[in-house]
Amino acid sequence: MSIAKIGMDCTGCGACKLACPVNCIEWKENREGYCYPLVTDRCIECGKCERVCPALTVPVHQEEKEVYAAYLKDEGKLMQSSSGGIFTAVAEWVLNQGGAVCGCAFDSEMKPGHRIVEEISQLDALKGSKYVESDLGNSYSEVKRLLQQDRHVFFVGTPCQVAGLKNYLGKQYEKLFTADLICHGVPSRTLFRSYLDWRESKHQGKLEGYQFRDKRKHGWSLTYSYTILKKGNRKKRYEGIGSLSPYYHGFLSGVFYRESCYRCRYARPERTGDITLGDFWGVETQCPDCFHAEGVSAILVNSEKGKAMLEQIGRDVVRNPITFDMVVYQNKNLLEPTRRPAVRERIYEEFSQKGFDWVAKTYLKAPHYCLEQVKSWIPNRVRQKIKRMLRK
């Protein structure tokens, strides 16, 4: 298979475009809002695009495994994080070495893209989950430039994005540290923008900021919040349970991911990053002694460099050894890709023709919930208080 015929296997990292010596690859967006490479007649058939493509090359897999449950000791920073705050700890250590951190952030128009920050004061933009495809832009080439200056760089992304970076770099860099995320799949930026427009229309105002995982009201759970600027310069904050939001419900159901996500080569125990980060869902039952009401991260240590990263942040975190099976309990994408729902094609087809409101009403209605699911909406901190009261 050549890069010109890669089709739906493309992961959208853009490494091929950056690697092309004659700039013959154009990035074209399809009707779903995903970008794919288009090779023009300037191609000299050098093969560089194929060698860096994470969908065509043998996946970069690191197999050394230590597994931990962990969370930040700093309660304030823990509250700002989606789960246990391990990204924050590693990122701050790298920045304190005069290094840089590359991860996903929303811009002023709520477009998600990888950004490089070099100051701790800039780090907040990279914190928190973004359940949408990130535009990598020129981040790979910027990371390479920093590494060539002999600076530390911490890159965080999906497993295929980490693999694309390593392929693009073409060699090992001692000061490159990588973390791949436990990834379910990525919805398109176009679909996400339409969802935000839908919210603005509902509230008759301008959306200012959207947060997928806001702990302030519901604690560590699948929640969302956003602020709407209304007439008279009035601002109102909205928040809710993720599974009751049409976009969030669609994401959790896996009905509108990129096509390559459903046959992902990286959804497996062997990982691409020096460490793997994700939520330790089910920690209450799998490892009660590791529990913290405001969030617990699962960490897979995949390399000696990953071990060194954890040693550097050891004083800042509480860390408990656990087993891989404990993490897999509610993180099945560590074993296999999300299965492609039959409705996936219809959702994007009708979205492109009729818009998000139609899709939301037709396909993304929240289901009826049983008592056990309703219990899961109760913030962890409240559940623990109830348990303590019952024990007394």
# chains A, B, ... in the order shown; residues from 1 in each chain; ligands from 1
>>> select_by_dssp(residues="segment 225-267 of chain A", states="helix (DSSP H, G or I)", output="list in words")
Lys231, Gly232, Asn233, Gly242, Ser243, Leu244, Pro246, Tyr247, Tyr248, His249, Gly250, Phe251, Leu252, Ser253, Glu259, Ser260, Cys261, Tyr262 and Arg263 of chain A
>>> residues_around(residues="Leu196 of chain A", least_positions_apart="2", cutoff="10 Å", atoms="only C-alpha atoms", output="list in words")
Met110, Thr190, Leu191, Phe192, Arg193, Ser194, Trp198, Arg199, Glu200, Ser201, Lys202, Lys206, Leu207, Glu208, Gly209, Tyr210, Tyr226, Tyr247 and Phe356 of chain A
>>> closest_atom_pairs(of="segment 79-175 of chain A", to="segment 56-68 of chain A", cutoff="9 Å", atoms="only C-alpha atoms", output="JSON lines")
{"residue": "A:Cys160", "atom": "CA", "partner": "A:Pro59", "partner_atom": "CA", "distance": 8.5}
{"residue": "A:Val162", "atom": "CA", "partner": "A:Val60", "partner_atom": "CA", "distance": 8.8}
{"residue": "A:Ala163", "atom": "CA", "partner": "A:Val60", "partner_atom": "CA", "distance": 5.9}
{"residue": "A:Lys166", "atom": "CA", "partner": "A:Val60", "partner_atom": "CA", "distance": 7.9}
{"residue": "A:Asn167", "atom": "CA", "partner": "A:Val60", "partner_atom": "CA", "distance": 8.4}
>>> write_last_selection(atoms="N, CA and C atoms", output="CSV table (one decimal), in the first residue's frame")
chain,number,residue,atom,x,y,z
A,160,CYS,N,-1.2,6.5,18.2
A,160,CYS,CA,-0.7,6.6,16.8
A,160,CYS,C,0.0,8.0,16.6
A,162,VAL,N,1.9,9.4,18.8
A,162,VAL,CA,3.3,9.2,19.4
A,162,VAL,C,4.1,8.4,18.4
A,163,ALA,N,3.5,7.3,17.7
A,163,ALA,CA,4.2,6.5,16.7
A,163,ALA,C,4.6,7.4,15.5
A,166,LYS,N,7.7,9.5,16.4
A,166,LYS,CA,8.9,8.7,16.4
A,166,LYS,C,9.3,8.3,15.0
A,167,ASN,N,8.4,8.0,14.2
A,167,ASN,CA,8.7,7.7,12.8
A,167,ASN,C,9.3,8.9,12.1
>>> select_by_dssp(residues="segment 160-331 of chain A", states="strand (DSSP E)", output="number ranges by chain")
A: 176-181, 206-211, 223-230, 234-241, 275-279, 297-301, 317-321
>>> residues_around(residues="His184 of chain A", least_positions_apart="5", cutoff="10 Å", atoms="only C-alpha atoms", output="ChimeraX atom specification")
/A:131,158,251-254,257,261-262,264,267,331-334,336-339
>>> closest_residue(among="A:Val117, A:Leu123, A:Leu244, A:Ala91", to="Lys365 of chain A", atoms="only C-alpha atoms")
A:Leu244
>>> closest_atom_pairs(of="segment 213-276 of chain A", to="segment 169-178 of chain A", cutoff="12 Å", atoms="only C-alpha atoms", output="CSV")
residue,atom,partner,partner_atom,distance
A:Arg271,CA,A:Thr178,CA,10.7
A:Thr272,CA,A:Thr178,CA,8.2
A:Gly273,CA,A:Thr178,CA,4.9
A:Asp274,CA,A:Thr178,CA,5.3
A:Ile275,CA,A:Thr178,CA,6.7
A:Thr276,CA,A:Thr178,CA,8.6
>>> closest_residue(among="A:Ala366, A:Ala19, A:Val318, A:Val328", to="Gly164 of chain A", atoms="only C-alpha atoms")
A:Ala19
>>> atom_distance(atom1="atom CA of Glu32 of chain A", atom2="atom CA of Phe351 of chain A")
8.1 Å
>>> closest_residue(among="A:Lys361, A:Phe256, A:Asp316, A:His114", to="Ala342 of chain A", atoms="only C-alpha atoms")
A:Phe256
>>> residues_around(residues="Asp41 of chain A", least_positions_apart="6", cutoff="12 Å", atoms="only C-alpha atoms", output="list in words")
Ala4, Val22, Asn23, Cys24, Ile25 and Glu26 of chain A
>>> write_last_selection(atoms="all heavy atoms", output="CSV table (one decimal), in the first residue's frame")
chain,number,residue,atom,x,y,z
A,4,ALA,N,-0.6,7.2,-1.2
A,4,ALA,CA,-1.6,7.7,-2.1
A,4,ALA,C,-2.9,6.8,-2.0
A,4,ALA,O,-4.0,7.3,-2.3
A,4,ALA,CB,-1.1,7.7,-3.6
A,22,VAL,N,9.7,17.5,-1.3
A,22,VAL,CA,9.3,18.3,-2.4
A,22,VAL,C,7.9,18.9,-2.2
A,22,VAL,O,7.3,19.5,-3.1
A,22,VAL,CB,9.3,17.6,-3.7
A,22,VAL,CG1,10.8,17.2,-4.1
A,22,VAL,CG2,8.4,16.4,-3.7
A,23,ASN,N,7.3,18.8,-1.0
A,23,ASN,CA,6.1,19.4,-0.6
A,23,ASN,C,5.0,19.0,-1.6
A,23,ASN,O,4.2,19.8,-2.1
A,23,ASN,CB,6.2,20.9,-0.5
A,23,ASN,CG,5.0,21.6,0.2
A,23,ASN,OD1,4.4,20.9,1.1
A,23,ASN,ND2,4.7,22.8,-0.2
A,24,CYS,N,4.9,17.7,-1.9
A,24,CYS,CA,3.9,17.3,-2.9
A,24,CYS,C,2.6,16.7,-2.3
A,24,CYS,O,1.7,16.3,-3.0
A,24,CYS,CB,4.5,16.2,-3.8
A,24,CYS,SG,4.6,14.6,-3.1
A,25,ILE,N,2.5,16.7,-1.0
A,25,ILE,CA,1.3,16.1,-0.3
A,25,ILE,C,0.5,17.3,0.2
A,25,ILE,O,0.9,18.1,1.0
A,25,ILE,CB,1.7,15.2,0.8
A,25,ILE,CG1,2.5,14.0,0.3
A,25,ILE,CG2,0.5,14.7,1.6
A,25,ILE,CD1,3.0,13.0,1.3
A,26,GLU,N,-0.8,17.3,-0.2
A,26,GLU,CA,-1.7,18.2,0.2
A,26,GLU,C,-2.7,17.6,1.2
A,26,GLU,O,-2.9,16.3,1.2
A,26,GLU,CB,-2.6,18.8,-0.9
A,26,GLU,CG,-1.7,19.6,-1.9
A,26,GLU,CD,-2.5,20.1,-3.1
A,26,GLU,OE1,-3.8,19.8,-3.1
A,26,GLU,OE2,-2.0,20.7,-4.0
>>> residues_around(residues="Glu75 of chain A", least_positions_apart="5", cutoff="12 Å", atoms="only C-alpha atoms", output="list in words")
Gln80, Ser81, Ser83, Gly84, Gly85, Lys215, His292, Ala293, Glu294, Gly295, Asp316, Val317 and Val318 of chain A
>>> residues_around(residues="segment 99-101 of chain A", least_positions_apart="2", cutoff="7 Å", atoms="only C-alpha atoms", output="short mmCIF file (atom, residue, chain, number, x, y, z; two decimals) with all heavy atoms, in the first residue's frame")
data_model
loop_
_atom_site.label_atom_id
_atom_site.label_comp_id
_atom_site.auth_asym_id
_atom_site.auth_seq_id
_atom_site.Cartn_x
_atom_site.Cartn_y
_atom_site.Cartn_z
N ALA A 91 5.02 17.14 33.30
CA ALA A 91 5.19 18.36 32.51
C ALA A 91 5.94 19.43 33.29
O ALA A 91 6.84 20.11 32.75
CB ALA A 91 3.82 18.88 32.07
N VAL A 94 9.67 18.61 33.41
CA VAL A 94 10.34 18.91 32.14
C VAL A 94 10.54 20.40 31.96
O VAL A 94 11.62 20.87 31.56
CB VAL A 94 9.53 18.32 30.95
CG1 VAL A 94 10.07 18.82 29.62
CG2 VAL A 94 9.57 16.79 30.99
N LEU A 95 9.52 21.18 32.27
CA LEU A 95 9.64 22.64 32.13
C LEU A 95 10.68 23.20 33.09
O LEU A 95 11.40 24.16 32.74
CB LEU A 95 8.28 23.30 32.37
CG LEU A 95 7.21 23.01 31.30
CD1 LEU A 95 5.85 23.55 31.74
CD2 LEU A 95 7.60 23.59 29.96
N ASN A 96 10.79 22.63 34.25
CA ASN A 96 11.79 23.09 35.21
C ASN A 96 13.22 22.75 34.78
O ASN A 96 14.18 23.31 35.31
CB ASN A 96 11.52 22.50 36.60
CG ASN A 96 10.35 23.18 37.30
OD1 ASN A 96 10.08 24.35 37.08
ND2 ASN A 96 9.65 22.44 38.14
N GLN A 97 13.35 21.85 33.82
CA GLN A 97 14.67 21.54 33.23
C GLN A 97 14.99 22.45 32.05
O GLN A 97 15.98 22.25 31.35
CB GLN A 97 14.73 20.08 32.75
CG GLN A 97 14.29 19.03 33.75
CD GLN A 97 14.97 19.17 35.08
OE1 GLN A 97 16.20 19.18 35.16
NE2 GLN A 97 14.17 19.28 36.14
N GLY A 103 1.28 19.19 23.74
CA GLY A 103 0.03 18.47 23.95
C GLY A 103 -1.13 19.23 23.34
O GLY A 103 -0.96 20.31 22.76
N ILE A 116 2.93 23.78 21.70
CA ILE A 116 4.13 23.67 22.53
C ILE A 116 4.15 24.81 23.53
O ILE A 116 3.97 25.97 23.17
CB ILE A 116 5.40 23.69 21.66
CG1 ILE A 116 5.49 22.40 20.84
CG2 ILE A 116 6.65 23.86 22.52
CD1 ILE A 116 6.63 22.35 19.86
N VAL A 117 4.34 24.46 24.82
CA VAL A 117 4.46 25.48 25.86
C VAL A 117 5.84 25.34 26.52
O VAL A 117 6.38 24.24 26.61
CB VAL A 117 3.34 25.37 26.91
CG1 VAL A 117 1.98 25.46 26.26
CG2 VAL A 117 3.46 24.10 27.73
N GLU A 118 6.37 26.47 26.96
CA GLU A 118 7.71 26.48 27.54
C GLU A 118 7.74 27.13 28.92
O GLU A 118 8.81 27.31 29.50
CB GLU A 118 8.68 27.19 26.60
CG GLU A 118 8.74 26.54 25.22
CD GLU A 118 9.73 27.20 24.28
OE1 GLU A 118 10.91 27.33 24.67
OE2 GLU A 118 9.32 27.60 23.17
N ARG A 151 17.29 20.14 24.08
CA ARG A 151 16.36 20.47 25.15
C ARG A 151 15.46 19.27 25.45
O ARG A 151 15.20 18.43 24.59
CB ARG A 151 15.52 21.68 24.77
CG ARG A 151 16.34 22.95 24.62
CD ARG A 151 15.48 24.11 24.20
NE ARG A 151 14.45 24.42 25.18
CZ ARG A 151 13.51 25.35 24.99
NH1 ARG A 151 13.49 26.05 23.87
NH2 ARG A 151 12.61 25.59 25.92
N HIS A 152 14.98 19.20 26.68
CA HIS A 152 14.01 18.18 27.06
C HIS A 152 12.67 18.51 26.40
O HIS A 152 12.27 19.68 26.35
CB HIS A 152 13.81 18.15 28.57
CG HIS A 152 14.97 17.61 29.34
ND1 HIS A 152 16.08 18.38 29.64
CD2 HIS A 152 15.20 16.39 29.87
CE1 HIS A 152 16.94 17.65 30.34
NE2 HIS A 152 16.43 16.45 30.49
N VAL A 153 11.99 17.48 25.91
CA VAL A 153 10.65 17.65 25.35
C VAL A 153 9.76 16.52 25.86
O VAL A 153 10.15 15.35 25.84
CB VAL A 153 10.66 17.65 23.81
CG1 VAL A 153 9.23 17.78 23.27
CG2 VAL A 153 11.53 18.77 23.26
N PHE A 154 8.57 16.89 26.32
CA PHE A 154 7.56 15.91 26.74
C PHE A 154 6.41 16.00 25.76
O PHE A 154 5.74 17.03 25.66
CB PHE A 154 7.10 16.23 28.16
CG PHE A 154 6.07 15.28 28.72
CD1 PHE A 154 6.09 13.93 28.43
CD2 PHE A 154 5.08 15.76 29.58
CE1 PHE A 154 5.14 13.06 28.96
CE2 PHE A 154 4.13 14.91 30.13
CZ PHE A 154 4.16 13.56 29.81
N PHE A 155 6.16 14.91 25.00
CA PHE A 155 5.08 14.88 24.01
C PHE A 155 4.00 13.94 24.50
O PHE A 155 4.26 12.79 24.87
CB PHE A 155 5.61 14.39 22.66
CG PHE A 155 4.55 14.34 21.58
CD1 PHE A 155 4.31 15.44 20.77
CD2 PHE A 155 3.78 13.20 21.39
CE1 PHE A 155 3.32 15.40 19.78
CE2 PHE A 155 2.79 13.15 20.42
CZ PHE A 155 2.56 14.24 19.60
#
>>> residues_around(residues="Trp358 of chain A", least_positions_apart="4", cutoff="12 Å", atoms="only C-alpha atoms", output="list in words")
Ser194, Tyr195, Trp198, Pro246, Arg346, Ile347, Tyr348, Glu349, Glu350, Phe351, Ser352, Gln353, Lys354, Thr362, Tyr363, Leu364 and Lys365 of chain A
